[in-house]
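Contents: one structure, followed by commentary.
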Amino acid sequence: MLIVVLVPILALVLTLIAFRSRSGGLSELEARIKTKGEPLTVTDLDAFYASVPDEENGALLLIEAWAREDPLFWDAFRRGAFSLPPRRDTAVDPIVPFLGRDARDFSRTNSLSEAARAAAEDFLATHRERIDLVRAAIRKEHFRFPLQFSNTLDMLMPHLSALMENVRTFRLESLLAIERGDVDGAIGALEGAVQCADVLAREPVLMSQLARMGSYAQILSSLEILLSRRALSDAELKRADALLEKMSTAGALRIALLGERVMNLSIFERMPQSVRNEQGNAQGWHLAMGLITVTGIKAADRRLMLETMEQAVALAGRQDPGMPAEFQNLIDNAMEEASRFPPRFFRRCCCLCGGMLRCGFSLPKRECGRPGRQLPWNATDGRTRNRCLQR
């Protein structure tokens, strides 16, 4: 009977000792990261997302443009409200390409039906004021949306869907220009779409960079339509090549990881607002945090986060072909470590980081219009782009 009692206790003590042994050196690790100028807290992250004077902030102009059609929603976002009122639905004919819920897929070589073309032209005419305001706003050099990093995992980011809708609107303008044979107008609309996506270039949030990558993929699809339907002059080919040059993912993975590291570390320090609102959940959160602190699991988990993310950030600065495989191995190893009993919070971050590499940084860019072939996620080979353009 004594053995039956002592064995579990001994196993528990040995487990705690093991976790304690893995938690040493945290201060030195954090100091090293701080020395690099990288954020570790939500306050650091807010400062890293550099402030912009209101008169130079294109994000405020975008919010003002969107507020023309939904003032209550966007005013609440601008004030930093924790919850937003219901968003007003924008009236869109279901058959409008890219935007309508019933819009049919069409091939790169087929023209629009008369009904779809008429619906698209009516949509653009109805929302012309907002579209022109957006076009003026994205010409600004600096953008900083009113993100509330202190809300951590509860942070609201409605601007992502709004920007992606603007990208689709510019794609619609490009499509109608292609239908008219206006190559300059089609490229100009796609340039606006790229500017919309690049509004997020310096936003240190995982979802922001994924939205930017997704927008690039849509723009590439529209460029395929243009190249399939119209013969471009040398000058027009140069504009299209410059458009591809602008769609660079350099630095996107690194800035996303810097923000993701802060958000995951905040799990231990800040109770999510959604939990704080429920008294029973709040008490449970405090109890859980106290338990993992005493046992050493918190410190061990925090160290695993910091060590893994430090290596991931370093890998993100590389541009060689072997980087994605090394990155995936790093995440897989951390996932295995975090899955051992007792499982750690960092397992969630490993899933997100691995998914980001697969879904966001291996975009399905078709080489020369041939399905199934992909350009590397960090492709910068101008010769490859030129081959695609010439085809």
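Ordering of the structure tokens sets the chain letters (A, B, ...); residue numbers start at 1 within each chain; ligands are numbered from 1 in the order shown.
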Mind the document's chain letters and residue numbers, and return as a PyMOL selection string the residues of range 197-351 of chain A that DSSP labels helix (DSSP H, G or I).
chain A and resi 197-198+206-229+234-246+252-268+273-276+279-295+297-316+323-339+346-351
Excluding Thr126 in chain A and residues on its chain fewer than 4 positions from it, collect all residues at most 12 Å away from it, counting only C-alpha atoms, and give them as a list in words.
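After dropping sequence-adjacent residues, the list is Glu69, Thr90, Ala91, Val92, Asp93, Ala119, Ala120, Glu121, Asp122, Arg130, Ile131 and Asp132 of chain A.
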Check the smallest atom-to-atom distance from each of A:Leu232, A:Val294, A:Leu306, A:Ala299 to Ile178 in chain A using only C-alpha atoms, then report the winner.
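Closest candidate: A:Leu232.
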Ranking A:Asp54, A:Arg230, A:Arg139, A:Ser174 by minimum distance to Cys196 in chain A and counting only C-alpha atoms, which one comes first?
A:Arg139
Using only C-alpha atoms, determine which residues lie at most 9 Å from range 152-155 of chain A, disregarding the query and same-chain residues fewer than 2 positions distant; provide the list as a PyMOL selection string.
chain A and resi 42+82+147-150+157+262-264+266-267+270-274
Restricting the output to N, CA and C atoms, write the selected residues as a compact mmCIF listing (two decimals), in the first residue's frame.
```
# COMPACT_ATOMS: atom_id res chain seq x y z
N VAL A 42 3.14 43.31 -24.89
CA VAL A 42 2.19 44.04 -25.75
C VAL A 42 2.56 45.52 -25.82
N PHE A 82 -14.07 47.53 -27.42
CA PHE A 82 -13.80 46.10 -27.31
C PHE A 82 -14.77 45.28 -28.15
N LEU A 147 -5.19 49.32 -33.58
CA LEU A 147 -5.21 47.98 -33.00
C LEU A 147 -4.96 48.04 -31.50
N GLN A 148 -5.76 47.31 -30.75
CA GLN A 148 -5.65 47.29 -29.29
C GLN A 148 -4.88 46.04 -28.88
N PHE A 149 -3.54 46.13 -28.90
CA PHE A 149 -2.72 44.98 -28.57
C PHE A 149 -2.95 44.51 -27.14
N SER A 150 -3.40 45.41 -26.27
CA SER A 150 -3.65 45.02 -24.88
C SER A 150 -4.78 44.00 -24.77
N MET A 157 -9.93 43.04 -35.58
CA MET A 157 -9.21 43.42 -36.79
C MET A 157 -10.14 43.45 -38.00
N VAL A 262 4.73 37.61 -29.13
CA VAL A 262 4.16 38.44 -28.07
C VAL A 262 2.78 37.94 -27.68
N MET A 263 1.95 37.63 -28.67
CA MET A 263 0.59 37.19 -28.38
C MET A 263 0.58 35.89 -27.59
N ASN A 264 1.49 34.99 -27.91
CA ASN A 264 1.54 33.72 -27.18
C ASN A 264 2.10 33.89 -25.77
N SER A 266 1.68 36.46 -24.00
CA SER A 266 0.66 37.18 -23.22
C SER A 266 -0.35 36.24 -22.58
N ILE A 267 -0.40 35.00 -23.04
CA ILE A 267 -1.33 34.03 -22.44
C ILE A 267 -1.10 33.89 -20.94
N ARG A 270 -1.84 38.01 -19.20
CA ARG A 270 -3.07 38.80 -19.34
C ARG A 270 -4.26 37.89 -19.57
N MET A 271 -5.23 38.00 -18.72
CA MET A 271 -6.44 37.22 -18.88
C MET A 271 -7.24 37.75 -20.07
N PRO A 272 -7.62 36.89 -21.02
CA PRO A 272 -8.44 37.36 -22.14
C PRO A 272 -9.73 38.01 -21.65
N GLN A 273 -10.15 39.05 -22.34
CA GLN A 273 -11.36 39.77 -21.95
C GLN A 273 -12.58 38.85 -21.93
N SER A 274 -12.62 37.93 -22.88
CA SER A 274 -13.75 37.00 -22.95
C SER A 274 -13.82 36.12 -21.70
```
Set the distance at 9 Å and use only C-alpha atoms: which residues neighbour range 48-53 of chain A once local chain neighbours fewer than 3 positions away are removed? I'd like the list as a list in words.
Gly37, Glu38, Pro39, Thr43, Asp44, Leu45, Glu56, Asn57, His142, Phe143, Arg144, Arg202, Glu203 and Pro204 of chain A
My list of candidates is A:Arg212, A:Leu227, A:Gly25, A:Asn151. Which is closest to Val183 in chain A when distances are computed with only C-alpha atoms?
A:Leu227
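Residues surrounding range 113-117 of chain A within 10 Å are Asp93, Pro94, Ile95, Val96, Pro97, Gly100, Ala103, Arg104, Phe123, Leu172, Leu175, Leu176 and Glu179 of chain A [only C-alpha atoms; sequence separation below 6 positions excluded].
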Counting only C-alpha atoms, what is within 12 Å of Pro71 in chain A, bar same-chain residues fewer than 4 positions away, as a PyMOL selection string?
chain A and resi 63-67+75-78+84-88
Now that the selection is made, can you save its residues with C-alpha atoms as an mmCIF file, in the first residue's frame?
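In the end it all went to again_37.cif:
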```
data_model
loop_
_atom_site.group_PDB
_atom_site.id
_atom_site.type_symbol
_atom_site.label_atom_id
_atom_site.label_comp_id
_atom_site.auth_asym_id
_atom_site.auth_seq_id
_atom_site.Cartn_x
_atom_site.Cartn_y
_atom_site.Cartn_z
ATOM 1 C CA ILE A 63 -11.536 54.163 -42.023
ATOM 2 C CA GLU A 64 -13.128 57.468 -42.999
ATOM 3 C CA ALA A 65 -13.861 56.091 -46.468
ATOM 4 C CA TRP A 66 -15.414 52.912 -45.081
ATOM 5 C CA ALA A 67 -17.409 54.942 -42.551
ATOM 6 C CA ASP A 75 -16.402 54.877 -35.509
ATOM 7 C CA ALA A 76 -16.448 52.195 -32.802
ATOM 8 C CA PHE A 77 -13.332 50.574 -34.281
ATOM 9 C CA ARG A 78 -11.563 53.923 -34.488
ATOM 10 C CA LEU A 84 -18.380 46.481 -32.319
ATOM 11 C CA PRO A 85 -21.993 46.978 -33.441
ATOM 12 C CA PRO A 86 -23.354 44.723 -36.189
ATOM 13 C CA ARG A 87 -21.794 45.554 -39.511
ATOM 14 C CA ARG A 88 -24.095 46.916 -42.178
#
```
Contact residues around Leu163 in chain A with only C-alpha atoms at 8 Å, ignoring same-chain residues under 3 positions, as a list of chain:residue names:
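Selected residues are A:His159, A:Leu160, A:Asn166, A:Val167, A:Cys196, A:Ala197.
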Please compute the CA of Ala31 in chain A-CA of Met305 in chain A distance, one decimal, in Å.
14.7 Å
With distances taken over only C-alpha atoms, which residue among A:Met1, A:Leu244, A:Leu40, A:Gly259 lies nearest Arg302 in chain A?
A:Leu40
With only C-alpha atoms as the atoms that count, which of A:Thr169, A:Ser107, A:Ser83, A:Thr249 lies nearest to Gly317 in chain A?
A:Thr249
Selected residue of minimal separation from Leu220 in chain A among A:Asp241, A:Leu61, A:Ser233, A:Arg340, counting only C-alpha atoms:
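Counting only C-alpha atoms, the residue closest to Leu220 in chain A is A:Asp241.
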